[in-house]
Amino acid sequence: MKLLVKNIKKLVQVEEEPIKWVAGADMAKLNCIDDAFLLISEGKIEDFGTMANMPNFDDSEGVDVMQEIDASGRMVFPSFCDSHTHLIYAGSREIEYSDKIKGLSYEEIAKRGGGILNSAERMHEATEEELYESAMERIHEIISLGTGAVEIKSGYGLTVEDELKMLRVIKRLKETTPLQIKSSFLGAHAVSAEYKGRQSEYVDMVISEMIPMVAAEDLADYIDVFCDKGFFTVEETDRILNAGMKHGMRPKIHANELDYSGGIQVGVKYNALSVDHLEFVGDAEIESLKGSETMPTVLPGAAFFLNMVCSPVRKMIDAGLPVALASDFNPGSSPSGNMKFILSLACINYKMLPQEAINATTINSAYAMGLQDEVGSIARGKIANVFITKEIPSIEFMPYAYGSNLVDTVILNGQVL
Ligand code: NIG
Ligand code: FE
């Protein structure tokens with residue numbers, strides 16, 4: 001069965017020769033084909049080009065079953081890749097939302113037992129089935145908003161059992177949804193209530209109990225640590241990353257959201273796939289990222305929701321670095337997985353060009369979750385995860401119309417949903 005999308009007004013993010021990421025000045029370039037076709041076969045992208053050069057598929061041998069979509073006036077994008085989420089959670093945290101409006105900081109809320117510990121309590125009470133059902137609702141929502149690949153973290157369990165419970169839910173989602181999913185173990189998201197005042201014992205427990213059990217069930221692709229002021233130190237992060245790497249989990253960490261934490265440097269030291277948040281980035285952090293294989297990843301939803309300073313994205317791009325963007329979908333700092341809204345925030349708050357923001361939410365965020373060879377662009381042989389927009393006048397219209405869902409048709413693994 002083949003699927004032919006014809007008369008596409010603009011086919012966006014096309015790659016003749018796939019590359020691992022786009023960096024620096026190249027981030028402003030976006031390869032597109034006007035008046036295009038896209039041919040999908042067996043779940044993969046088989047061919048694309050201009051309508052003028054489209055082969056006459058009707059006459060070709062062997063092509064007997066062909067589903068066709070006429071995309072006149074509409075564009076085709078590769079699905080968004082959301083490389084950083086915490087979308088398994090129980091309950092919501094709008095009480096803290098009010099506290100934040102009244103002026104309490106993220107750290108103050110955390111110290112009062114709110115924040116991550118609040119979610120950990122609810123996580124403890126929730127069954128695996130309940131978590132699966134609520135995560136499925138969020139998954140359906142993000143699919144309808146154009147996401148085709150997502151990374152999901154544990155980190156609201158904070159006990160061996162509850163961390164495993166979260167990761168088992170992610171495993172089940174990998175098996176039962178059409179999304180490409182990667183999982184990260186984030187036992188070091190906060191010190192659990194039980195270990196209050198005994199942080200180093202908690203870290204020992206993460207290393208000696210949690211990591212081996214997570215690895216034994218092969219539940220995590222990556223290892224994450226919240227390396228920041230008031231959470232885990234560089235030394236603790238160093239130990240945890242080492243332990244995770246011994247079990248084959250590559251680092252992919254939370255860093256420099258609340259201060260110059262040293263998180264970026266320790267991430268680069270261990271060849272992290274990505275370092276994420278990055279509100280506090282200076283020359284030393286930029287120097288350490290240069291020449292590394294680590295993707296700087298910015299989470300505009302969290303900075304918006306917590307009203308934080310913005311990461312110096314322009315400075316990083318001007319220094320020649322690549323930048324990825326992700327939603328951080330979680331109940332505390334970013335209760336939305338809407339990647340198109342992330343595009344809008346990136347343009348307005350970070351002065352990214354629409355083309356840069358699109359690169360950062362597709363090919364670069366695919367890299368940040370280890371999927372750059374499979375998704376993130378329109379390239380022959382890649383998985384056919386794309387969406388067809390509603391009728392839109394230009395690429396810029398995507399971030400511009402910030403409140404409208406402009407996704408009309410979702411195609412994942414070559415299947416029209
Ligand atoms: O990425 N910064 C650390 N962790 C999450 C927030 C977790 C929460 O508040 O529930 C984040 O923003
Ligand atoms: Fe996060």
# chains A, B, ... in the order shown; residues from 1 in each chain; ligands from 1
$ select_by_dssp --residues "segment 175-412 of chain A" --states "helix (DSSP H, G or I)" --output "VMD selection string"
chain A and resid 175 to 176 193 to 195 199 to 216 234 to 246 263 to 269 283 to 289 300 to 305 313 to 318 339 to 350 354 to 361 363 to 367 397 to 400
$ residues_around --residues "Phe185 of chain A" --least-positions-apart "5" --cutoff "7 Å" --atoms "only C-alpha atoms" --output "MDAnalysis selection string"
chainID A and resid 153:155 220 222:224
$ closest_residue --among "A:Ala71, A:Val313, A:Ala303, A:Met213" --to "ligand 2" --atoms "only C-alpha atoms and all ligand atoms"
A:Ala303
$ residues_near_ligand --ligand "ligand 1" --cutoff "6 Å" --atoms "only C-alpha atoms and all ligand atoms" --output "PDB file with N, CA and C atoms, in the first residue's frame"
ATOM      1  N   GLY A 115       5.678  21.350  44.448  1.00  0.00           N
ATOM      2  CA  GLY A 115       6.554  20.990  43.337  1.00  0.00           C
ATOM      3  C   GLY A 115       6.618  19.500  43.080  1.00  0.00           C
ATOM      4  N   ILE A 116       7.825  19.043  42.808  1.00  0.00           N
ATOM      5  CA  ILE A 116       8.027  17.652  42.406  1.00  0.00           C
ATOM      6  C   ILE A 116       7.522  16.686  43.486  1.00  0.00           C
ATOM      7  N   ALA A 302       8.594  26.180  29.843  1.00  0.00           N
ATOM      8  CA  ALA A 302       8.899  26.280  31.270  1.00  0.00           C
ATOM      9  C   ALA A 302       9.301  27.709  31.632  1.00  0.00           C
ATOM     10  N   ASP A 328       8.896  20.231  27.445  1.00  0.00           N
ATOM     11  CA  ASP A 328       9.012  19.997  28.889  1.00  0.00           C
ATOM     12  C   ASP A 328       7.662  19.629  29.516  1.00  0.00           C
ATOM     13  N   ASN A 330       4.909  18.938  31.606  1.00  0.00           N
ATOM     14  CA  ASN A 330       4.876  18.413  32.985  1.00  0.00           C
ATOM     15  C   ASN A 330       3.890  19.236  33.811  1.00  0.00           C
ATOM     16  N   PRO A 331       3.458  18.713  34.956  1.00  0.00           N
ATOM     17  CA  PRO A 331       2.391  19.400  35.702  1.00  0.00           C
ATOM     18  C   PRO A 331       2.856  20.636  36.464  1.00  0.00           C
ATOM     19  N   GLY A 332       4.179  20.789  36.645  1.00  0.00           N
ATOM     20  CA  GLY A 332       4.653  21.878  37.493  1.00  0.00           C
ATOM     21  C   GLY A 332       5.129  23.106  36.746  1.00  0.00           C
ATOM     22  N   SER A 333       5.916  22.897  35.701  1.00  0.00           N
ATOM     23  CA  SER A 333       6.526  24.064  35.071  1.00  0.00           C
ATOM     24  C   SER A 333       6.120  24.265  33.618  1.00  0.00           C
TER      25      SER A 333
END
$ residues_around --residues "segment 121-123 of chain A" --least-positions-apart "2" --cutoff "10 Å" --atoms "only C-alpha atoms" --output "ChimeraX atom specification"
/A:88-92,114,116-119,125-128,130-131,155-158,162-163,165-166,192-193
$ write_last_selection --atoms "N, CA, C and O atoms" --output "short mmCIF file (atom, residue, chain, number, x, y, z; two decimals), in the first residue's frame"
data_model
loop_
_atom_site.label_atom_id
_atom_site.label_comp_id
_atom_site.auth_asym_id
_atom_site.auth_seq_id
_atom_site.Cartn_x
_atom_site.Cartn_y
_atom_site.Cartn_z
N ILE A 88 4.13 11.54 31.99
CA ILE A 88 3.46 10.60 32.89
C ILE A 88 3.33 11.29 34.24
O ILE A 88 4.33 11.50 34.93
N TYR A 89 2.15 11.65 34.62
CA TYR A 89 1.96 12.22 35.96
C TYR A 89 0.53 12.02 36.42
O TYR A 89 -0.36 11.76 35.62
N ALA A 90 0.35 12.12 37.74
CA ALA A 90 -0.98 11.95 38.32
C ALA A 90 -1.42 13.29 38.89
O ALA A 90 -0.67 13.94 39.61
N GLY A 91 -2.62 13.69 38.58
CA GLY A 91 -3.14 14.95 39.11
C GLY A 91 -2.50 16.15 38.44
O GLY A 91 -1.68 16.02 37.55
N SER A 92 -2.92 17.32 38.87
CA SER A 92 -2.37 18.55 38.30
C SER A 92 -1.95 19.45 39.46
O SER A 92 -2.17 19.11 40.62
N GLY A 114 5.80 21.41 47.98
CA GLY A 114 5.03 21.43 46.72
C GLY A 114 5.92 20.90 45.63
O GLY A 114 6.83 20.10 45.87
N ILE A 116 7.83 19.04 42.81
CA ILE A 116 8.03 17.65 42.41
C ILE A 116 7.52 16.69 43.49
O ILE A 116 6.95 15.64 43.19
N LEU A 117 7.72 17.05 44.78
CA LEU A 117 7.29 16.14 45.86
C LEU A 117 5.77 16.00 45.91
O LEU A 117 5.24 14.94 46.26
N ASN A 118 5.07 17.05 45.57
CA ASN A 118 3.62 17.00 45.47
C ASN A 118 3.21 15.96 44.41
O ASN A 118 2.36 15.09 44.65
N SER A 119 3.87 16.04 43.25
CA SER A 119 3.57 15.06 42.18
C SER A 119 3.98 13.65 42.60
O SER A 119 3.34 12.67 42.20
N GLU A 125 0.14 7.14 44.82
CA GLU A 125 -1.24 6.66 44.97
C GLU A 125 -1.82 6.10 43.66
O GLU A 125 -2.77 5.32 43.69
N ALA A 126 -1.26 6.50 42.54
CA ALA A 126 -1.86 6.11 41.25
C ALA A 126 -1.48 4.69 40.85
O ALA A 126 -0.36 4.24 41.10
N THR A 127 -2.41 4.00 40.21
CA THR A 127 -2.08 2.67 39.68
C THR A 127 -1.44 2.83 38.30
O THR A 127 -1.59 3.87 37.64
N GLU A 128 -0.76 1.77 37.88
CA GLU A 128 -0.13 1.79 36.57
C GLU A 128 -1.18 2.03 35.47
O GLU A 128 -0.94 2.77 34.52
N GLU A 130 -4.08 3.65 35.75
CA GLU A 130 -4.52 5.06 35.75
C GLU A 130 -3.49 5.96 35.07
O GLU A 130 -3.82 6.86 34.31
N LEU A 131 -2.23 5.67 35.36
CA LEU A 131 -1.16 6.48 34.74
C LEU A 131 -1.15 6.31 33.24
O LEU A 131 -1.00 7.27 32.47
N GLY A 155 10.79 10.17 37.21
CA GLY A 155 11.22 11.27 38.07
C GLY A 155 10.16 11.82 39.00
O GLY A 155 10.44 12.73 39.78
N TYR A 156 8.93 11.27 38.92
CA TYR A 156 7.92 11.62 39.93
C TYR A 156 7.68 10.44 40.86
O TYR A 156 6.75 10.47 41.66
N GLY A 157 8.51 9.40 40.74
CA GLY A 157 8.36 8.25 41.62
C GLY A 157 9.19 8.47 42.88
O GLY A 157 8.67 8.52 43.99
N LEU A 158 10.49 8.59 42.68
CA LEU A 158 11.46 8.85 43.75
C LEU A 158 11.59 7.71 44.75
O LEU A 158 12.26 7.85 45.77
N ASP A 162 8.08 3.15 42.57
CA ASP A 162 7.32 4.13 41.79
C ASP A 162 8.08 4.59 40.54
O ASP A 162 7.46 4.91 39.52
N GLU A 163 9.40 4.62 40.61
CA GLU A 163 10.17 4.93 39.39
C GLU A 163 9.97 3.82 38.35
O GLU A 163 9.76 4.09 37.17
N LYS A 165 7.42 1.86 38.18
CA LYS A 165 6.03 1.96 37.72
C LYS A 165 5.91 2.95 36.57
O LYS A 165 5.31 2.66 35.53
N MET A 166 6.54 4.11 36.74
CA MET A 166 6.50 5.12 35.66
C MET A 166 7.14 4.59 34.38
O MET A 166 6.62 4.76 33.28
N SER A 192 13.52 12.46 47.73
CA SER A 192 12.17 12.09 48.19
C SER A 192 11.93 12.57 49.62
O SER A 192 12.88 12.82 50.38
N ALA A 193 10.66 12.67 50.02
CA ALA A 193 10.31 13.12 51.37
C ALA A 193 10.94 12.20 52.41
O ALA A 193 11.45 12.64 53.44
#
$ residues_near_ligand --ligand "ligand 2" --cutoff "10 Å" --atoms "only C-alpha atoms and all ligand atoms" --output "PDB file with C-alpha atoms, in the first residue's frame"
ATOM      1  CA  HIS A  84      11.990  16.497  26.651  1.00  0.00           C
ATOM      2  CA  THR A  85       8.752  15.721  28.505  1.00  0.00           C
ATOM      3  CA  HIS A  86       7.501  14.418  31.820  1.00  0.00           C
ATOM      4  CA  LEU A  87       4.085  13.478  30.493  1.00  0.00           C
ATOM      5  CA  ILE A 152       9.335  10.789  28.316  1.00  0.00           C
ATOM      6  CA  LYS A 153      11.046  10.825  31.718  1.00  0.00           C
ATOM      7  CA  GLY A 155      11.224  11.272  38.070  1.00  0.00           C
ATOM      8  CA  LEU A 186      15.264  10.602  36.232  1.00  0.00           C
ATOM      9  CA  HIS A 189      14.797  14.696  40.005  1.00  0.00           C
ATOM     10  CA  ASP A 224      18.813  12.199  33.508  1.00  0.00           C
ATOM     11  CA  VAL A 225      19.695  14.270  36.617  1.00  0.00           C
ATOM     12  CA  PHE A 226      18.325  17.637  37.716  1.00  0.00           C
ATOM     13  CA  ILE A 253      20.269  16.076  31.649  1.00  0.00           C
ATOM     14  CA  HIS A 254      18.481  19.044  33.225  1.00  0.00           C
ATOM     15  CA  ALA A 255      21.045  21.827  33.623  1.00  0.00           C
ATOM     16  CA  GLU A 257      17.744  26.350  34.803  1.00  0.00           C
ATOM     17  CA  ASP A 276      18.292  20.959  28.693  1.00  0.00           C
ATOM     18  CA  HIS A 277      16.769  24.214  30.047  1.00  0.00           C
ATOM     19  CA  LEU A 299      12.403  24.685  26.928  1.00  0.00           C
ATOM     20  CA  ALA A 302       8.899  26.280  31.270  1.00  0.00           C
ATOM     21  CA  ALA A 326      11.170  20.902  23.426  1.00  0.00           C
ATOM     22  CA  SER A 327       7.978  21.332  25.442  1.00  0.00           C
ATOM     23  CA  ASP A 328       9.012  19.997  28.889  1.00  0.00           C
ATOM     24  CA  PHE A 329       5.333  18.897  29.202  1.00  0.00           C
ATOM     25  CA  ASN A 330       4.876  18.413  32.985  1.00  0.00           C
ATOM     26  CA  GLY A 332       4.653  21.878  37.493  1.00  0.00           C
ATOM     27  CA  SER A 333       6.526  24.064  35.071  1.00  0.00           C
ATOM     28  CA  SER A 334       4.967  23.490  31.647  1.00  0.00           C
TER      29      SER A 334
END
$ closest_residue --among "A:Ile392, A:Leu241, A:Leu353, A:Ala379" --to "Lys29 of chain A" --atoms "only C-alpha atoms"
A:Leu353
$ closest_residue --among "A:Phe57, A:Phe77, A:Tyr350, A:Tyr97" --to "Asn31 of chain A" --atoms "only C-alpha atoms"
A:Phe77
$ closest_residue --among "A:Lys229, A:Phe305, A:Ile317, A:Val298" --to "Glu94 of chain A" --atoms "only C-alpha atoms"
A:Phe305
$ residues_around --residues "Tyr202 of chain A" --least-positions-apart "4" --cutoff "12 Å" --atoms "only C-alpha atoms" --output "JSON, numbers by chain"
{"A": [158, 159, 160, 187, 188, 189, 190, 191, 192, 193, 194, 195, 196, 197, 198, 206, 207, 208, 209, 210, 231, 232, 236, 240]}
$ residues_around --residues "Lys10 of chain A" --least-positions-apart "4" --cutoff "8 Å" --atoms "only C-alpha atoms" --output "JSON, numbers by chain"
{"A": [32, 33, 34, 35, 36, 74, 75, 76]}
$ write_last_selection --atoms "all heavy atoms" --output "compact mmCIF listing (two decimals), in the first residue's frame"
# COMPACT_ATOMS: atom_id res chain seq x y z
N CYS A 32 12.89 23.69 1.32
CA CYS A 32 11.47 23.42 1.02
C CYS A 32 11.31 23.22 -0.48
O CYS A 32 12.10 23.73 -1.26
CB CYS A 32 10.61 24.60 1.45
SG CYS A 32 10.70 24.97 3.21
N ILE A 33 10.27 22.52 -0.86
CA ILE A 33 9.93 22.38 -2.29
C ILE A 33 8.50 22.89 -2.47
O ILE A 33 7.58 22.43 -1.77
CB ILE A 33 10.02 20.91 -2.75
CG1 ILE A 33 11.44 20.36 -2.53
CG2 ILE A 33 9.62 20.79 -4.22
CD1 ILE A 33 11.59 18.89 -2.91
N ASP A 34 8.33 23.82 -3.40
CA ASP A 34 7.00 24.33 -3.72
C ASP A 34 6.33 23.41 -4.73
O ASP A 34 7.00 22.80 -5.57
CB ASP A 34 7.09 25.75 -4.32
CG ASP A 34 7.51 26.76 -3.25
OD1 ASP A 34 7.28 26.51 -2.06
OD2 ASP A 34 8.10 27.80 -3.64
N ASP A 35 5.00 23.35 -4.65
CA ASP A 35 4.18 22.55 -5.57
C ASP A 35 4.78 21.13 -5.68
O ASP A 35 5.31 20.74 -6.72
CB ASP A 35 4.12 23.23 -6.95
CG ASP A 35 3.02 22.62 -7.80
OD1 ASP A 35 2.12 21.96 -7.24
OD2 ASP A 35 3.08 22.77 -9.04
N ALA A 36 4.68 20.41 -4.59
CA ALA A 36 5.42 19.15 -4.45
C ALA A 36 4.52 17.94 -4.32
O ALA A 36 3.32 18.05 -4.07
CB ALA A 36 6.32 19.25 -3.22
N ARG A 74 -2.21 23.55 0.93
CA ARG A 74 -1.77 23.15 2.27
C ARG A 74 -0.30 22.71 2.24
O ARG A 74 0.22 22.32 1.20
CB ARG A 74 -2.66 22.01 2.78
CG ARG A 74 -4.13 22.48 2.78
CD ARG A 74 -5.10 21.44 3.27
NE ARG A 74 -5.22 20.30 2.38
CZ ARG A 74 -5.52 19.08 2.81
NH1 ARG A 74 -5.68 18.86 4.09
NH2 ARG A 74 -5.63 18.09 1.95
N MET A 75 0.33 22.79 3.38
CA MET A 75 1.76 22.43 3.44
C MET A 75 1.95 21.10 4.15
O MET A 75 1.08 20.67 4.92
CB MET A 75 2.53 23.52 4.20
CG MET A 75 2.41 24.89 3.55
SD MET A 75 3.61 26.05 4.21
CE MET A 75 3.12 27.52 3.30
N VAL A 76 3.10 20.48 3.93
CA VAL A 76 3.43 19.25 4.66
C VAL A 76 4.72 19.48 5.43
O VAL A 76 5.74 19.91 4.86
CB VAL A 76 3.57 18.04 3.70
CG1 VAL A 76 4.10 16.83 4.43
CG2 VAL A 76 2.23 17.73 3.04
$ atom_distance --atom1 "atom CA of Ala401 of chain A" --atom2 "atom CA of Glu141 of chain A"
18.7 Å
$ atom_distance --atom1 "atom CA of Glu279 of chain A" --atom2 "atom CA of Glu107 of chain A"
15.1 Å
$ residues_around --residues "segment 362-366 of chain A" --least-positions-apart "3" --cutoff "6 Å" --atoms "only C-alpha atoms" --output "PDB file with C-alpha atoms, in the first residue's frame"
ATOM      1  CA  TRP A  21      21.789  18.527  12.962  1.00  0.00           C
ATOM      2  CA  PHE A  80       7.480  17.731  15.586  1.00  0.00           C
ATOM      3  CA  CYS A  81       9.994  15.859  17.750  1.00  0.00           C
ATOM      4  CA  SER A  83      12.790  15.614  23.022  1.00  0.00           C
ATOM      5  CA  ALA A 324      16.850  22.214  19.902  1.00  0.00           C
ATOM      6  CA  ASN A 359      14.781  23.395  12.568  1.00  0.00           C
ATOM      7  CA  MET A 369      16.465  12.101  21.405  1.00  0.00           C
ATOM      8  CA  LEU A 371      16.288   9.705  16.340  1.00  0.00           C
ATOM      9  CA  GLN A 372      17.909  11.882  13.669  1.00  0.00           C
ATOM     10  CA  GLY A 376      12.891  14.966  11.948  1.00  0.00           C
ATOM     11  CA  SER A 377      12.913  15.705   8.217  1.00  0.00           C
TER      12      SER A 377
END
